[in-house]
file final.txt (compact mmCIF, C-alpha atoms)
# COMPACT_ATOMS: atom_id res chain seq x y z
CA MET E 1 45.62 -13.99 -16.98
CA VAL E 2 43.86 -12.70 -13.89
CA ARG E 3 40.65 -10.75 -14.33
CA ILE E 4 39.89 -8.16 -11.71
CA THR E 5 36.38 -6.83 -11.48
CA ILE E 6 35.56 -3.61 -9.74
CA PRO E 7 32.06 -3.37 -8.30
CA HIS E 8 29.87 -0.70 -9.84
CA ARG E 9 29.44 2.25 -7.52
CA SER E 10 26.32 4.28 -7.72
CA ARG E 11 27.11 7.97 -7.98
CA GLY E 12 23.65 9.22 -7.23
CA PHE E 13 20.28 9.40 -8.93
CA VAL E 14 18.18 11.37 -11.39
CA VAL E 15 14.45 11.98 -11.04
CA VAL E 16 12.38 13.73 -13.71
CA GLY E 17 9.15 15.25 -12.44
CA LEU E 18 6.18 16.41 -14.49
CA PHE E 19 3.89 19.08 -13.04
CA GLY E 20 0.50 20.37 -14.11
CA ASN E 21 1.42 24.04 -13.71
CA GLU E 22 4.22 26.38 -12.69
CA PHE E 23 2.84 26.95 -9.20
CA ALA E 24 3.07 23.24 -8.36
CA MET E 25 6.66 23.16 -9.63
CA GLU E 26 7.56 26.21 -7.52
CA GLN E 27 6.20 24.46 -4.43
CA ALA E 28 8.39 21.44 -5.16
CA ILE E 29 11.45 23.66 -5.68
CA LYS E 30 10.90 25.34 -2.31
CA ARG E 31 10.82 21.94 -0.62
CA LEU E 32 13.83 20.64 -2.60
CA ASN E 33 15.95 23.55 -1.37
CA LEU E 34 15.74 22.03 2.11
CA VAL E 35 17.22 18.67 1.00
CA ALA E 36 21.01 18.35 1.11
CA ASN E 37 23.05 17.11 -1.88
CA VAL E 38 20.24 17.70 -4.37
CA GLN E 39 20.40 19.93 -7.43
CA TYR E 40 17.58 20.68 -9.83
CA GLN E 41 17.22 22.04 -13.33
CA ILE E 42 14.05 23.33 -14.96
CA THR E 43 13.97 21.74 -18.42
CA SER E 44 10.61 23.12 -19.60
CA ARG E 45 7.51 24.83 -18.22
CA ARG E 46 6.31 21.58 -16.68
CA HIS E 47 9.43 19.39 -16.32
CA LEU E 48 11.96 19.42 -13.51
CA ARG E 49 15.16 17.34 -13.50
CA ILE E 50 16.47 16.56 -10.03
CA GLU E 51 19.96 15.14 -9.47
CA GLY E 52 21.08 13.68 -6.19
CA LYS E 53 24.72 13.15 -5.31
CA SER E 54 23.91 10.73 -2.51
CA THR E 55 23.48 6.97 -2.74
CA ASP E 56 21.15 6.96 0.26
CA PRO E 57 17.76 5.46 -0.72
CA GLU E 58 16.02 7.61 1.91
CA ILE E 59 16.97 10.78 0.04
CA LEU E 60 15.70 9.31 -3.23
CA GLU E 61 12.36 8.46 -1.60
CA ARG E 62 12.21 11.91 -0.02
CA VAL E 63 12.71 13.57 -3.41
CA LYS E 64 10.01 11.42 -5.01
CA ASN E 65 7.61 12.21 -2.16
CA ILE E 66 8.28 15.94 -2.60
CA VAL E 67 7.33 15.67 -6.27
CA ARG E 68 4.17 13.72 -5.47
CA ARG E 69 3.09 15.99 -2.61
CA SER E 70 3.49 19.00 -4.89
CA HIS E 71 0.91 17.45 -7.24
CA GLY E 72 3.54 16.21 -9.65
CA TYR E 73 4.26 12.89 -11.32
CA VAL E 74 7.59 11.04 -11.21
CA GLU E 75 8.10 10.51 -14.91
CA GLU E 76 11.56 8.92 -14.77
CA GLU E 77 13.86 7.62 -12.07
CA LYS E 78 17.34 6.16 -12.56
CA LYS E 79 20.53 5.63 -10.65
CA LEU E 80 23.79 6.95 -12.04

call {"tool": "encode", "arguments": {"input": "final.txt", "output": "structure tokens"}}
result
Amino acid sequence: MVRITIPHRSRGFVVVGLFGNEFAMEQAIKRLNLVANVQYQITSRRHLRIEGKSTDPEILERVKNIVRRSHGYVEEEKKL
């Protein structure tokens, strides 16, 4: 019996950001609208879930920097 393994392909990433107030989250959303292949969802007053369809690590770092520069905290980060 021959076993064939298929390498795992990353389909993107998910970043969850926590913000101190709504204004900081709005600033992050304005900056995220300029990034290609990124979608976001507001999960609560202070939490933002950002999904990236790209496997490029530069886009992941750019998203995390947007959260940090908007006075937010990257609460969770995982690859899909």

call {"tool": "residues_around", "arguments": {"input": "final.txt", "residues": "range 18-25 of chain E", "least_positions_apart": "4", "cutoff": "8 Å", "atoms": "only C-alpha atoms", "output": "mmCIF file with C-alpha atoms, in the coordinates of the input"}}
result
data_model
loop_
_atom_site.group_PDB
_atom_site.id
_atom_site.type_symbol
_atom_site.label_atom_id
_atom_site.label_comp_id
_atom_site.auth_asym_id
_atom_site.auth_seq_id
_atom_site.Cartn_x
_atom_site.Cartn_y
_atom_site.Cartn_z
ATOM 1 C CA ILE E 29 11.450 23.660 -5.680
ATOM 2 C CA ARG E 45 7.510 24.830 -18.220
ATOM 3 C CA ARG E 46 6.310 21.580 -16.680
ATOM 4 C CA HIS E 47 9.430 19.390 -16.320
ATOM 5 C CA LEU E 48 11.960 19.420 -13.510
ATOM 6 C CA SER E 70 3.490 19.000 -4.890
ATOM 7 C CA HIS E 71 0.910 17.450 -7.240
ATOM 8 C CA GLY E 72 3.540 16.210 -9.650
ATOM 9 C CA TYR E 73 4.260 12.890 -11.320
ATOM 10 C CA VAL E 74 7.590 11.040 -11.210
ATOM 11 C CA GLU E 75 8.100 10.510 -14.910
#

call {"tool": "closest_residue", "arguments": {"input": "final.txt", "among": "E:Glu77, E:Asn33, E:Phe13, E:Gln27", "to": "Ile59 in chain E", "atoms": "all atoms listed in the file"}}
result
E:Phe13

call {"tool": "atom_distance", "arguments": {"input": "final.txt", "atom1": "CA of Glu51 in chain E", "atom2": "CA of Arg69 in chain E"}}
result
18.2 Å

call {"tool": "closest_residue", "arguments": {"input": "final.txt", "among": "E:Arg11, E:Glu76, E:Thr43, E:Lys64", "to": "Ala28 in chain E", "atoms": "all atoms listed in the file"}}
result
E:Lys64

call {"tool": "atom_distance", "arguments": {"input": "final.txt", "atom1": "CA of Ile66 in chain E", "atom2": "CA of Asn37 in chain E"}}
result
14.8 Å

call {"tool": "atom_distance", "arguments": {"input": "final.txt", "atom1": "CA of Asp56 in chain E", "atom2": "CA of Ile42 in chain E"}}
result
23.5 Å

call {"tool": "closest_residue", "arguments": {"input": "final.txt", "among": "E:Lys30, E:Val16, E:Ala36, E:Gln41", "to": "Glu58 in chain E", "atoms": "all atoms listed in the file"}}
result
E:Ala36

call {"tool": "closest_residue", "arguments": {"input": "final.txt", "among": "E:Gln39, E:Leu32, E:Leu80, E:Ser44", "to": "Val63 in chain E", "atoms": "all atoms listed in the file"}}
result
E:Leu32

call {"tool": "closest_residue", "arguments": {"input": "final.txt", "among": "E:Val15, E:Lys78, E:Glu61, E:Arg68", "to": "Tyr40 in chain E", "atoms": "only C-alpha atoms"}}
result
E:Val15

call {"tool": "decode", "arguments": {"input": "final.txt", "residues": "range 48-72 of chain E", "atoms": "N, CA and C atoms", "output": "PDB file, in the first residue's frame"}}
result
ATOM      1  N   LEU E  48     -12.299  43.198  17.038  1.00  0.00           N
ATOM      2  CA  LEU E  48     -12.342  43.195  15.581  1.00  0.00           C
ATOM      3  C   LEU E  48     -11.668  41.929  15.086  1.00  0.00           C
ATOM      4  N   ARG E  49     -12.360  41.162  14.254  1.00  0.00           N
ATOM      5  CA  ARG E  49     -11.803  39.939  13.663  1.00  0.00           C
ATOM      6  C   ARG E  49     -11.426  40.251  12.222  1.00  0.00           C
ATOM      7  N   ILE E  50     -10.159  40.010  11.896  1.00  0.00           N
ATOM      8  CA  ILE E  50      -9.637  40.328  10.570  1.00  0.00           C
ATOM      9  C   ILE E  50      -9.202  39.035   9.903  1.00  0.00           C
ATOM     10  N   GLU E  51      -9.726  38.774   8.709  1.00  0.00           N
ATOM     11  CA  GLU E  51      -9.377  37.577   7.954  1.00  0.00           C
ATOM     12  C   GLU E  51      -8.642  37.977   6.692  1.00  0.00           C
ATOM     13  N   GLY E  52      -7.516  37.327   6.465  1.00  0.00           N
ATOM     14  CA  GLY E  52      -6.754  37.565   5.258  1.00  0.00           C
ATOM     15  C   GLY E  52      -6.779  36.342   4.369  1.00  0.00           C
ATOM     16  N   LYS E  53      -6.974  36.547   3.097  1.00  0.00           N
ATOM     17  CA  LYS E  53      -7.016  35.433   2.139  1.00  0.00           C
ATOM     18  C   LYS E  53      -5.645  35.129   1.564  1.00  0.00           C
ATOM     19  N   SER E  54      -4.662  35.921   1.897  1.00  0.00           N
ATOM     20  CA  SER E  54      -3.329  35.765   1.341  1.00  0.00           C
ATOM     21  C   SER E  54      -2.440  34.971   2.291  1.00  0.00           C
ATOM     22  N   THR E  55      -1.470  34.275   1.733  1.00  0.00           N
ATOM     23  CA  THR E  55      -0.494  33.552   2.544  1.00  0.00           C
ATOM     24  C   THR E  55       0.795  34.345   2.693  1.00  0.00           C
ATOM     25  N   ASP E  56       0.808  35.559   2.200  1.00  0.00           N
ATOM     26  CA  ASP E  56       1.991  36.409   2.247  1.00  0.00           C
ATOM     27  C   ASP E  56       2.226  36.895   3.676  1.00  0.00           C
ATOM     28  N   PRO E  57       3.386  36.608   4.266  1.00  0.00           N
ATOM     29  CA  PRO E  57       3.646  37.058   5.641  1.00  0.00           C
ATOM     30  C   PRO E  57       3.738  38.575   5.771  1.00  0.00           C
ATOM     31  N   GLU E  58       4.043  39.278   4.689  1.00  0.00           N
ATOM     32  CA  GLU E  58       4.095  40.740   4.746  1.00  0.00           C
ATOM     33  C   GLU E  58       2.720  41.337   5.023  1.00  0.00           C
ATOM     34  N   ILE E  59       1.683  40.753   4.440  1.00  0.00           N
ATOM     35  CA  ILE E  59       0.331  41.256   4.671  1.00  0.00           C
ATOM     36  C   ILE E  59      -0.092  40.987   6.109  1.00  0.00           C
ATOM     37  N   LEU E  60       0.266  39.839   6.646  1.00  0.00           N
ATOM     38  CA  LEU E  60      -0.030  39.529   8.042  1.00  0.00           C
ATOM     39  C   LEU E  60       0.638  40.539   8.968  1.00  0.00           C
ATOM     40  N   GLU E  61       1.898  40.834   8.721  1.00  0.00           N
ATOM     41  CA  GLU E  61       2.614  41.817   9.548  1.00  0.00           C
ATOM     42  C   GLU E  61       2.020  43.207   9.385  1.00  0.00           C
ATOM     43  N   ARG E  62       1.588  43.530   8.184  1.00  0.00           N
ATOM     44  CA  ARG E  62       0.980  44.841   7.946  1.00  0.00           C
ATOM     45  C   ARG E  62      -0.323  44.979   8.727  1.00  0.00           C
ATOM     46  N   VAL E  63      -1.128  43.924   8.753  1.00  0.00           N
ATOM     47  CA  VAL E  63      -2.383  43.944   9.501  1.00  0.00           C
ATOM     48  C   VAL E  63      -2.110  44.094  10.994  1.00  0.00           C
ATOM     49  N   LYS E  64      -1.142  43.357  11.511  1.00  0.00           N
ATOM     50  CA  LYS E  64      -0.816  43.462  12.931  1.00  0.00           C
ATOM     51  C   LYS E  64      -0.292  44.853  13.280  1.00  0.00           C
ATOM     52  N   ASN E  65       0.502  45.447  12.393  1.00  0.00           N
ATOM     53  CA  ASN E  65       0.998  46.799  12.629  1.00  0.00           C
ATOM     54  C   ASN E  65      -0.137  47.820  12.600  1.00  0.00           C
ATOM     55  N   ILE E  66      -1.128  47.619  11.744  1.00  0.00           N
ATOM     56  CA  ILE E  66      -2.279  48.525  11.713  1.00  0.00           C
ATOM     57  C   ILE E  66      -3.015  48.479  13.040  1.00  0.00           C
ATOM     58  N   VAL E  67      -3.206  47.284  13.586  1.00  0.00           N
ATOM     59  CA  VAL E  67      -3.881  47.157  14.882  1.00  0.00           C
ATOM     60  C   VAL E  67      -3.074  47.862  15.964  1.00  0.00           C
ATOM     61  N   ARG E  68      -1.773  47.642  15.989  1.00  0.00           N
ATOM     62  CA  ARG E  68      -0.932  48.246  17.020  1.00  0.00           C
ATOM     63  C   ARG E  68      -0.861  49.765  16.886  1.00  0.00           C
ATOM     64  N   ARG E  69      -0.744  50.262  15.679  1.00  0.00           N
ATOM     65  CA  ARG E  69      -0.654  51.716  15.470  1.00  0.00           C
ATOM     66  C   ARG E  69      -1.970  52.421  15.785  1.00  0.00           C
ATOM     67  N   SER E  70      -3.050  51.685  15.755  1.00  0.00           N
ATOM     68  CA  SER E  70      -4.355  52.254  16.101  1.00  0.00           C
ATOM     69  C   SER E  70      -4.637  52.078  17.595  1.00  0.00           C
ATOM     70  N   HIS E  71      -3.606  51.877  18.371  1.00  0.00           N
ATOM     71  CA  HIS E  71      -3.706  51.720  19.825  1.00  0.00           C
ATOM     72  C   HIS E  71      -4.533  50.502  20.214  1.00  0.00           C
ATOM     73  N   GLY E  72      -4.334  49.425  19.466  1.00  0.00           N
ATOM     74  CA  GLY E  72      -5.007  48.176  19.759  1.00  0.00           C
ATOM     75  C   GLY E  72      -3.995  47.119  20.171  1.00  0.00           C
TER      76      GLY E  72
END
